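Colleague: Below you'll find my_file.csv; it's CSV, C-alpha atoms and all ligand atoms.
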chain,number,residue,atom,x,y,z
A,1,MET,CA,7.5,216.2,-102.8
A,2,THR,CA,6.4,214.9,-106.2
A,3,ASP,CA,4.2,211.9,-106.6
A,4,GLU,CA,7.1,209.9,-108.0
A,5,VAL,CA,9.5,210.7,-105.1
A,6,PHE,CA,6.7,209.9,-102.6
A,7,LEU,CA,6.1,206.5,-104.3
A,8,ALA,CA,9.8,205.8,-104.3
A,9,TYR,CA,10.1,206.6,-100.6
A,10,THR,CA,7.0,204.4,-99.9
A,11,ILE,CA,8.5,201.4,-101.7
A,12,ILE,CA,11.9,201.7,-100.0
A,13,PHE,CA,10.4,202.1,-96.5
A,14,SER,CA,7.9,199.3,-97.2
A,15,VAL,CA,10.8,196.9,-98.0
A,16,PHE,CA,12.6,197.9,-94.8
A,17,VAL,CA,9.5,197.7,-92.7
A,18,PHE,CA,8.7,194.2,-94.1
A,19,ILE,CA,12.2,192.9,-93.4
A,20,PHE,CA,12.0,194.5,-89.9
A,21,GLY,CA,8.7,192.6,-89.3
A,22,THR,CA,10.2,189.3,-90.4
A,23,VAL,CA,13.1,189.8,-87.9
A,24,ILE,CA,10.6,190.5,-85.1
A,25,GLY,CA,8.7,187.4,-86.3
A,26,SER,CA,11.8,185.4,-86.0
A,27,PHE,CA,12.2,186.5,-82.3
A,28,LEU,CA,8.5,185.8,-81.7
A,29,ASN,CA,9.1,182.1,-82.7
A,30,VAL,CA,11.5,182.0,-79.8
A,31,VAL,CA,9.0,183.6,-77.4
A,32,ILE,CA,6.2,181.3,-78.6
A,33,TYR,CA,8.3,178.2,-78.0
A,34,ARG,CA,10.1,179.2,-74.8
A,35,THR,CA,7.8,181.3,-72.6
A,36,PRO,CA,5.2,178.5,-72.0
A,37,ARG,CA,8.1,176.2,-71.1
A,38,HIS,CA,9.6,178.9,-68.7
A,39,GLU,CA,12.8,178.9,-70.6
A,40,SER,CA,15.0,182.0,-70.9
A,41,LEU,CA,14.5,184.2,-73.9
A,42,ILE,CA,18.1,185.5,-74.1
A,43,ARG,CA,20.2,182.6,-72.8
A,44,GLY,CA,20.7,179.5,-74.9
A,45,ARG,CA,21.0,179.6,-78.7
A,46,SER,CA,18.4,178.4,-81.1
A,47,HIS,CA,18.7,174.7,-81.7
A,48,CYS,CA,17.1,172.0,-83.8
A,49,THR,CA,14.2,170.5,-81.9
A,50,THR,CA,15.0,167.0,-83.3
A,51,CYS,CA,18.8,166.6,-83.1
A,52,GLY,CA,19.6,169.5,-80.7
A,53,ALA,CA,22.3,170.9,-83.0
A,54,GLN,CA,22.9,174.6,-82.6
A,55,ILE,CA,21.6,176.7,-85.5
A,56,LYS,CA,24.4,178.6,-87.3
A,57,ASN,CA,24.2,182.3,-87.7
A,58,ARG,CA,23.9,182.1,-91.4
A,59,ASP,CA,20.9,179.8,-91.0
A,60,LEU,CA,19.1,182.3,-88.8
A,61,ILE,CA,18.0,184.7,-91.6
A,62,PRO,CA,14.2,185.0,-91.5
A,63,VAL,CA,12.3,183.2,-94.3
A,64,ILE,CA,15.4,183.0,-96.6
A,65,SER,CA,17.3,180.4,-94.6
A,66,TRP,CA,14.3,178.1,-94.4
A,67,ILE,CA,13.8,178.3,-98.2
A,68,PHE,CA,17.6,177.9,-98.8
A,69,LEU,CA,17.8,174.8,-96.5
A,70,GLY,CA,14.7,173.3,-98.2
A,71,GLY,CA,12.9,173.3,-94.9
A,72,LYS,CA,15.4,170.8,-93.4
A,73,CYS,CA,17.9,170.9,-90.5
A,74,ARG,CA,21.4,171.3,-91.9
A,75,ASN,CA,22.7,168.7,-89.4
A,76,CYS,CA,20.1,165.9,-89.3
A,77,LYS,CA,18.0,166.7,-92.3
A,78,SER,CA,14.7,166.4,-90.3
A,79,ARG,CA,11.9,168.7,-91.4
A,80,ILE,CA,11.7,172.1,-89.9
A,81,SER,CA,8.1,173.2,-89.5
A,82,ALA,CA,6.9,175.7,-92.1
A,83,ARG,CA,5.2,177.4,-89.1
A,84,TYR,CA,8.4,179.3,-88.2
A,85,THR,CA,8.5,180.8,-91.6
A,86,VAL,CA,4.7,181.5,-91.5
A,87,VAL,CA,5.2,183.5,-88.2
A,88,GLU,CA,8.1,185.5,-89.8
A,89,LEU,CA,6.0,186.3,-92.9
A,90,LEU,CA,3.1,187.2,-90.7
A,91,GLY,CA,5.3,189.7,-88.8
A,92,GLY,CA,6.5,191.2,-92.0
A,93,ALA,CA,3.0,191.4,-93.5
A,94,LEU,CA,1.4,193.0,-90.4
A,95,TYR,CA,4.2,195.6,-90.0
A,96,LEU,CA,3.8,196.4,-93.7
A,97,LEU,CA,0.0,196.8,-93.4
A,98,ALA,CA,0.5,199.0,-90.4
A,99,PHE,CA,3.1,201.2,-92.2
A,100,LEU,CA,0.9,201.6,-95.3
A,101,ARG,CA,-2.1,202.5,-93.1
A,102,PHE,CA,-0.5,204.9,-90.6
A,103,ARG,CA,2.8,206.0,-92.1
A,104,PHE,CA,5.2,207.5,-89.6
A,105,SER,CA,2.8,208.2,-86.6
A,106,LEU,CA,2.2,207.3,-83.0
A,107,GLU,CA,-0.4,204.7,-84.2
A,108,LEU,CA,2.4,202.9,-86.1
A,109,ILE,CA,4.3,202.4,-82.9
A,110,TYR,CA,1.2,201.1,-81.2
A,111,CYS,CA,0.8,198.6,-84.1
A,112,PHE,CA,4.5,197.6,-83.9
A,113,ILE,CA,3.9,196.7,-80.2
A,114,LEU,CA,0.4,195.2,-80.4
A,115,PHE,CA,0.8,192.9,-83.5
A,116,PRO,CA,3.7,190.9,-82.0
A,117,ILE,CA,1.7,190.3,-78.8
A,118,LEU,CA,-1.3,189.2,-80.9
A,119,ILE,CA,1.0,186.8,-82.9
A,120,CYS,CA,2.4,185.3,-79.7
A,121,LEU,CA,-0.9,184.8,-77.9
A,122,SER,CA,-2.4,183.3,-81.0
A,123,PHE,CA,0.2,180.6,-81.5
A,124,ILE,CA,0.6,179.9,-77.8
A,125,ASP,CA,-3.2,179.5,-77.6
A,126,ILE,CA,-3.0,177.1,-80.6
A,127,ASP,CA,-0.3,175.1,-78.8
A,128,HIS,CA,-1.5,175.1,-75.2
A,129,MET,CA,-5.2,176.2,-75.4
A,130,GLU,CA,-4.4,179.1,-73.2
A,131,ILE,CA,-3.8,182.8,-73.7
A,132,PRO,CA,-0.9,183.9,-71.4
A,133,TYR,CA,-1.7,186.6,-68.8
A,134,TRP,CA,1.3,188.7,-69.9
A,135,CYS,CA,-0.2,189.1,-73.3
A,136,SER,CA,-3.5,190.5,-72.1
A,137,ILE,CA,-1.8,192.6,-69.4
A,138,SER,CA,0.6,194.1,-72.0
A,139,ILE,CA,-2.3,195.1,-74.2
A,140,ALA,CA,-4.1,196.6,-71.3
A,141,VAL,CA,-1.0,198.7,-70.4
A,142,LEU,CA,-0.8,199.8,-74.0
A,143,GLY,CA,-4.5,200.8,-73.8
A,144,LEU,CA,-3.9,202.8,-70.6
A,145,ILE,CA,-1.0,204.6,-72.2
A,146,SER,CA,-3.0,205.3,-75.3
A,147,ILE,CA,-5.6,207.2,-73.2
A,148,PHE,CA,-2.9,209.9,-72.5
A,149,THR,CA,-1.1,209.8,-75.9
A,150,VAL,CA,-3.4,209.1,-78.8
A,151,ASN,CA,-6.0,211.9,-79.2
A,152,ASN,CA,-8.4,210.1,-81.6
A,153,MET,CA,-11.1,209.6,-79.0
A,154,PRO,CA,-12.3,210.9,-75.6
A,155,TRP,CA,-11.0,209.1,-72.6
A,156,TYR,CA,-14.3,207.6,-71.6
A,157,GLU,CA,-14.6,205.8,-74.9
A,158,HIS,CA,-11.6,203.7,-73.9
A,159,LEU,CA,-13.5,202.7,-70.8
A,160,ILE,CA,-16.6,201.9,-72.8
A,161,GLY,CA,-14.5,199.8,-75.2
A,162,ALA,CA,-13.1,197.9,-72.2
A,163,ALA,CA,-16.6,196.9,-71.0
A,164,VAL,CA,-18.9,196.8,-74.0
A,165,ILE,CA,-17.9,193.4,-75.4
A,166,SER,CA,-16.1,191.9,-72.3
A,167,VAL,CA,-19.2,192.1,-70.1
A,168,PRO,CA,-21.4,189.9,-72.4
A,169,PHE,CA,-18.3,187.7,-73.0
A,170,ALA,CA,-17.9,187.3,-69.2
A,171,VAL,CA,-21.5,186.1,-69.0
A,172,LEU,CA,-20.7,183.5,-71.8
A,173,ALA,CA,-17.6,182.5,-69.9
A,174,PHE,CA,-19.7,182.1,-66.7
A,175,LEU,CA,-22.0,179.8,-68.7
A,176,GLY,CA,-18.9,177.8,-69.8
A,177,ALA,CA,-19.3,178.9,-73.5
A,178,MET,CA,-16.0,180.8,-73.5
A,179,GLY,CA,-12.6,180.8,-71.8
A,180,GLY,CA,-11.6,183.4,-69.1
A,181,GLY,CA,-8.5,184.3,-71.1
A,182,ASP,CA,-10.7,185.4,-74.1
A,183,VAL,CA,-12.6,187.8,-71.8
A,184,GLN,CA,-9.4,189.3,-70.4
A,185,LEU,CA,-8.0,189.7,-73.9
A,186,ILE,CA,-11.2,191.4,-75.3
A,187,ALA,CA,-11.4,193.8,-72.2
A,188,ALA,CA,-7.7,194.7,-72.7
A,189,ALA,CA,-8.1,195.3,-76.4
A,190,GLY,CA,-11.2,197.3,-75.8
A,191,LEU,CA,-9.3,199.7,-73.6
A,192,LEU,CA,-7.0,200.3,-76.5
A,193,LEU,CA,-9.6,200.4,-79.4
A,194,GLY,CA,-12.6,202.1,-77.7
A,195,TRP,CA,-15.7,201.5,-79.9
A,196,GLY,CA,-13.3,199.8,-82.4
A,197,ILE,CA,-13.6,196.7,-80.3
A,198,VAL,CA,-17.1,196.2,-81.6
A,199,PRO,CA,-16.1,195.6,-85.3
A,200,ALA,CA,-13.0,193.7,-83.9
A,201,ALA,CA,-15.3,191.3,-81.9
A,202,LEU,CA,-17.6,190.9,-84.9
A,203,VAL,CA,-14.7,189.9,-87.1
A,204,GLY,CA,-13.3,187.6,-84.4
A,205,ILE,CA,-16.7,185.9,-83.8
A,206,LEU,CA,-17.5,185.5,-87.5
A,207,THR,CA,-14.1,184.0,-88.5
A,208,GLY,CA,-14.1,181.9,-85.4
A,209,ALA,CA,-17.6,180.6,-86.1
A,210,VAL,CA,-16.7,179.7,-89.7
A,211,TYR,CA,-13.6,177.8,-88.5
A,212,GLY,CA,-15.5,176.2,-85.7
A,213,VAL,CA,-18.1,174.7,-88.0
A,214,VAL,CA,-15.5,173.3,-90.4
A,215,HIS,CA,-13.3,172.1,-87.5
A,216,LYS,CA,-16.2,170.2,-85.9
A,217,ALA,CA,-17.3,168.7,-89.2
A,218,VAL,CA,-13.7,167.4,-89.9
A,219,THR,CA,-12.5,166.4,-86.4
A,220,LYS,CA,-15.9,165.8,-84.6
A,221,ASN,CA,-14.3,167.8,-81.8
A,222,SER,CA,-16.0,171.0,-80.8
A,223,GLU,CA,-13.1,172.2,-78.6
A,224,MET,CA,-11.1,174.9,-80.3
A,225,CYS,CA,-9.0,178.0,-79.4
A,226,PHE,CA,-10.6,181.4,-79.9
A,227,GLY,CA,-7.5,183.6,-79.3
A,228,PRO,CA,-6.3,183.5,-83.0
A,229,PHE,CA,-9.7,184.7,-84.2
A,230,LEU,CA,-10.0,187.4,-81.6
A,231,SER,CA,-6.5,188.5,-82.6
A,232,ILE,CA,-7.5,188.8,-86.3
A,233,GLY,CA,-10.4,190.9,-85.2
A,234,ILE,CA,-8.3,193.1,-82.9
A,235,ALA,CA,-5.7,193.6,-85.7
A,236,VAL,CA,-8.6,194.7,-88.0
A,237,GLY,CA,-10.0,196.9,-85.3
A,238,MET,CA,-6.5,198.5,-84.8
A,239,LEU,CA,-6.0,199.2,-88.5
A,240,TRP,CA,-9.5,200.1,-89.6
A,241,GLY,CA,-11.7,200.2,-86.5
A,242,GLN,CA,-12.1,204.0,-86.4
A,243,ASP,CA,-12.9,204.1,-90.2
A,244,ILE,CA,-15.6,201.4,-89.7
A,245,ILE,CA,-17.2,203.2,-86.8
A,246,GLN,CA,-17.2,206.5,-88.7
A,247,TRP,CA,-18.7,204.8,-91.8
A,248,TYR,CA,-21.4,203.2,-89.6
A,249,VAL,CA,-22.2,206.5,-87.8
A,250,GLY,CA,-22.5,208.1,-91.3
A,251,LEU,CA,-25.0,205.4,-92.3
A,252,LEU,CA,-27.2,206.4,-89.3
A,253,GLY,CA,-27.2,210.0,-90.7
M,301,ZN,ZN,18.5,168.6,-86.6
For the structure just supplied, provide its representation as structure tokens.
Modeller:
Amino acid sequence: MTDEVFLAYTIIFSVFVFIFGTVIGSFLNVVIYRTPRHESLIRGRSHCTTCGAQIKNRDLIPVISWIFLGGKCRNCKSRISARYTVVELLGGALYLLAFLRFRFSLELIYCFILFPILICLSFIDIDHMEIPYWCSISIAVLGLISIFTVNNMPWYEHLIGAAVISVPFAVLAFLGAMGGGDVQLIAAAGLLLGWGIVPAALVGILTGAVYGVVHKAVTKNSEMCFGPFLSIGIAVGMLWGQDIIQWYVGLLG
């Protein structure tokens, strides 16, 4: 394959993967809204949260419909939160990053499952100050399966990853400095990432600390959710964790 053909394929697949990610993101909006309210994911069509009007099929195209409607409900003209579009774009962007990083590989499938879970738990944590159990459990199951399928690290490194950050986090949670949901999430992600959970946690703690300082200065309220920042870290760990570890080991000589 010549370089030009390779580039052409990359561009074509990138467009498809991005669109696929926005469609997944569109479904995640439903999951984020409905699961904490114990509503069915498949029954009941999407409706405007202000006037209750059903959303027409032609208005369900990710990103494009929102722009075309000027961010307003077709029926009652009330504003539709930009957040739905942000979640769709996030889905597209993360899927694209995963494809460019891993191409067609088993790791890509892991990203395609992990990233939607991270998006869900982040926005549910923002809304309800709680990381749902099913998110951490799903990531743990993904981690368990990876022990037998992805051959990029020995099995015991998965177990080290599950404990190395979650144990100190559990101590912090015991002291009341952190939520139990954060500990479960970091343990589950560690099972998947192995040593990659260390850079993941560092990214999560750093971004969370920066946000926490600004948040407290602006709102005078020190309570904040940590899930979104841990999720950013876990996504970084999934995409580049092994590279970061190898670079660090190289520094040690
Ligand atoms: Zn409406």
Colleague: How would you write, as an MDAnalysis selection string, the set of residues no farther than 10 Å from ligand ZN 301 (chain M) when counting all atoms listed in the file?
Modeller: chainID A and resid 47:55 72:80
Colleague: So that I can see what lies close to Phe112 (chain A), please list as a compact mmCIF listing (two decimals) with C-alpha atoms, keeping the file's coordinate frame the residues with an atom at most 9 Å from it, counting all atoms listed in the file and leaving out residues fewer than 2 positions away in the same chain.
Modeller:
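Done, and the output landed in selection_32.txt:
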# COMPACT_ATOMS: atom_id res chain seq x y z
CA GLY A 21 8.70 192.60 -89.30
CA LEU A 94 1.40 193.00 -90.40
CA TYR A 95 4.20 195.60 -90.00
CA ALA A 98 0.50 199.00 -90.40
CA GLU A 107 -0.40 204.70 -84.20
CA LEU A 108 2.40 202.90 -86.10
CA ILE A 109 4.30 202.40 -82.90
CA TYR A 110 1.20 201.10 -81.20
CA LEU A 114 0.40 195.20 -80.40
CA PHE A 115 0.80 192.90 -83.50
CA PRO A 116 3.70 190.90 -82.00
Colleague: Would you write out, as a Markdown table, a table of all residues in region 98-201 of chain A that have an atom no more than 8 Å from an atom of region 29-36 of chain A, listing for each the closest atom pair and the distance in Å to one decimal, considering only C-alpha atoms and ordering rows by chain and rising residue number?
Modeller:
| residue | atom | partner | partner_atom | distance |
| --- | --- | --- | --- | --- |
| A:Cys120 | CA | A:Ile32 | CA | 5.6 |
| A:Leu121 | CA | A:Ile32 | CA | 7.9 |
| A:Phe123 | CA | A:Ile32 | CA | 6.7 |
| A:Ile124 | CA | A:Ile32 | CA | 5.8 |
Colleague: Residues of region 83-188 of chain A that have any atom at most 9 Å from an atom of region 226-244 of chain A: could you tabulate them with the shortest-distance atom pair and the distance in Å to one decimal, using all atoms listed in the file, ordered by chain and increasing number, as a Markdown table?
Modeller:
| residue | atom | partner | partner_atom | distance |
| --- | --- | --- | --- | --- |
| A:Leu94 | CA | A:Ala235 | CA | 8.5 |
| A:Leu97 | CA | A:Leu239 | CA | 8.1 |
| A:Ala98 | CA | A:Leu239 | CA | 6.8 |
| A:Arg101 | CA | A:Leu239 | CA | 6.9 |
| A:Phe102 | CA | A:Leu239 | CA | 8.2 |
| A:Glu107 | CA | A:Met238 | CA | 8.7 |
| A:Tyr110 | CA | A:Met238 | CA | 8.9 |
| A:Cys111 | CA | A:Met238 | CA | 7.3 |
| A:Leu114 | CA | A:Ala235 | CA | 8.2 |
| A:Phe115 | CA | A:Ala235 | CA | 6.9 |
| A:Leu118 | CA | A:Ser231 | CA | 5.5 |
| A:Ile119 | CA | A:Ser231 | CA | 7.7 |
| A:Leu121 | CA | A:Gly227 | CA | 6.9 |
| A:Ser122 | CA | A:Pro228 | CA | 4.4 |
| A:Phe123 | CA | A:Pro228 | CA | 7.3 |
| A:Asp125 | CA | A:Gly227 | CA | 6.2 |
| A:Ile126 | CA | A:Pro228 | CA | 7.6 |
| A:Met129 | CA | A:Gly227 | CA | 8.7 |
| A:Glu130 | CA | A:Gly227 | CA | 8.2 |
| A:Ile131 | CA | A:Gly227 | CA | 6.8 |
| A:Asn152 | CA | A:Gln242 | CA | 8.6 |
| A:Met178 | CA | A:Phe226 | CA | 8.4 |
| A:Gly179 | CA | A:Phe226 | CA | 8.4 |
| A:Gly181 | CA | A:Gly227 | CA | 8.3 |
| A:Asp182 | CA | A:Gly227 | CA | 6.4 |
| A:Leu185 | CA | A:Gly227 | CA | 8.2 |
| A:Ile186 | CA | A:Leu230 | CA | 7.6 |
Colleague: Give me the residues near Ser166 (chain A) as a ChimeraX atom specification, where near means some atom within 10 Å (using all atoms listed in the file) and where sequence neighbours in that chain fewer than 6 positions away do not count.
Modeller: /A:172-173,182-190,197,201
Colleague: Excluding Val15 (chain A) and residues on its chain fewer than 3 positions from it, collect all residues at most 12 Å away from it, counting all atoms listed in the file, and give them as an MDAnalysis selection string.
Modeller: chainID A and resid 8:12 18:22 92:93 95:97 99:100
Colleague: Using all atoms listed in the file for the distances, tell me which of A:Tyr84, A:Met224, A:Ile117, A:Pro199 is nearest to Cys135 (chain A).
Modeller: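 Using all atoms listed in the file, the shortest distance to Cys135 (chain A) belongs to A:Ile117.
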Colleague: To one decimal in Å, tell me the separation between CA of Pro132 (chain A) and CA of Cys225 (chain A).
Modeller: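 According to the coordinates, CA of Pro132 (chain A) and CA of Cys225 (chain A) are separated by 12.8 Å.
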Colleague: May I ask for the distance between CA of Gly25 (chain A) and CA of Gly91 (chain A), given in Å to one decimal place?
Modeller: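 It comes out at 4.8 Å.
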Colleague: In Å, rounded to a single decimal, give me how far CA of Ala200 (chain A) is from CA of Gly176 (chain A).
Modeller: 22.1 Å
Colleague: Using only C-alpha atoms, can you tell me which of A:Phe174, A:Ser14, A:Gly161, A:Ser40 comes closest to Ala140 (chain A)?
Modeller: A:Gly161
Colleague: With distances taken over all atoms listed in the file, which of A:Gly70, A:Ile24, A:Asn57, A:Val210 is nearest to Ile113 (chain A)?
Modeller: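 Closest to Ile113 (chain A) of all the choices is A:Ile24.
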Colleague: Which protein, DNA or RNA residues have an atom at most 12 Å from (11.6, 183.2, -99.3), counting all atoms listed in the file? List them as a PyMOL selection string.
Modeller: chain A and resi 19+22+61-71+82+85-86+88-89+92
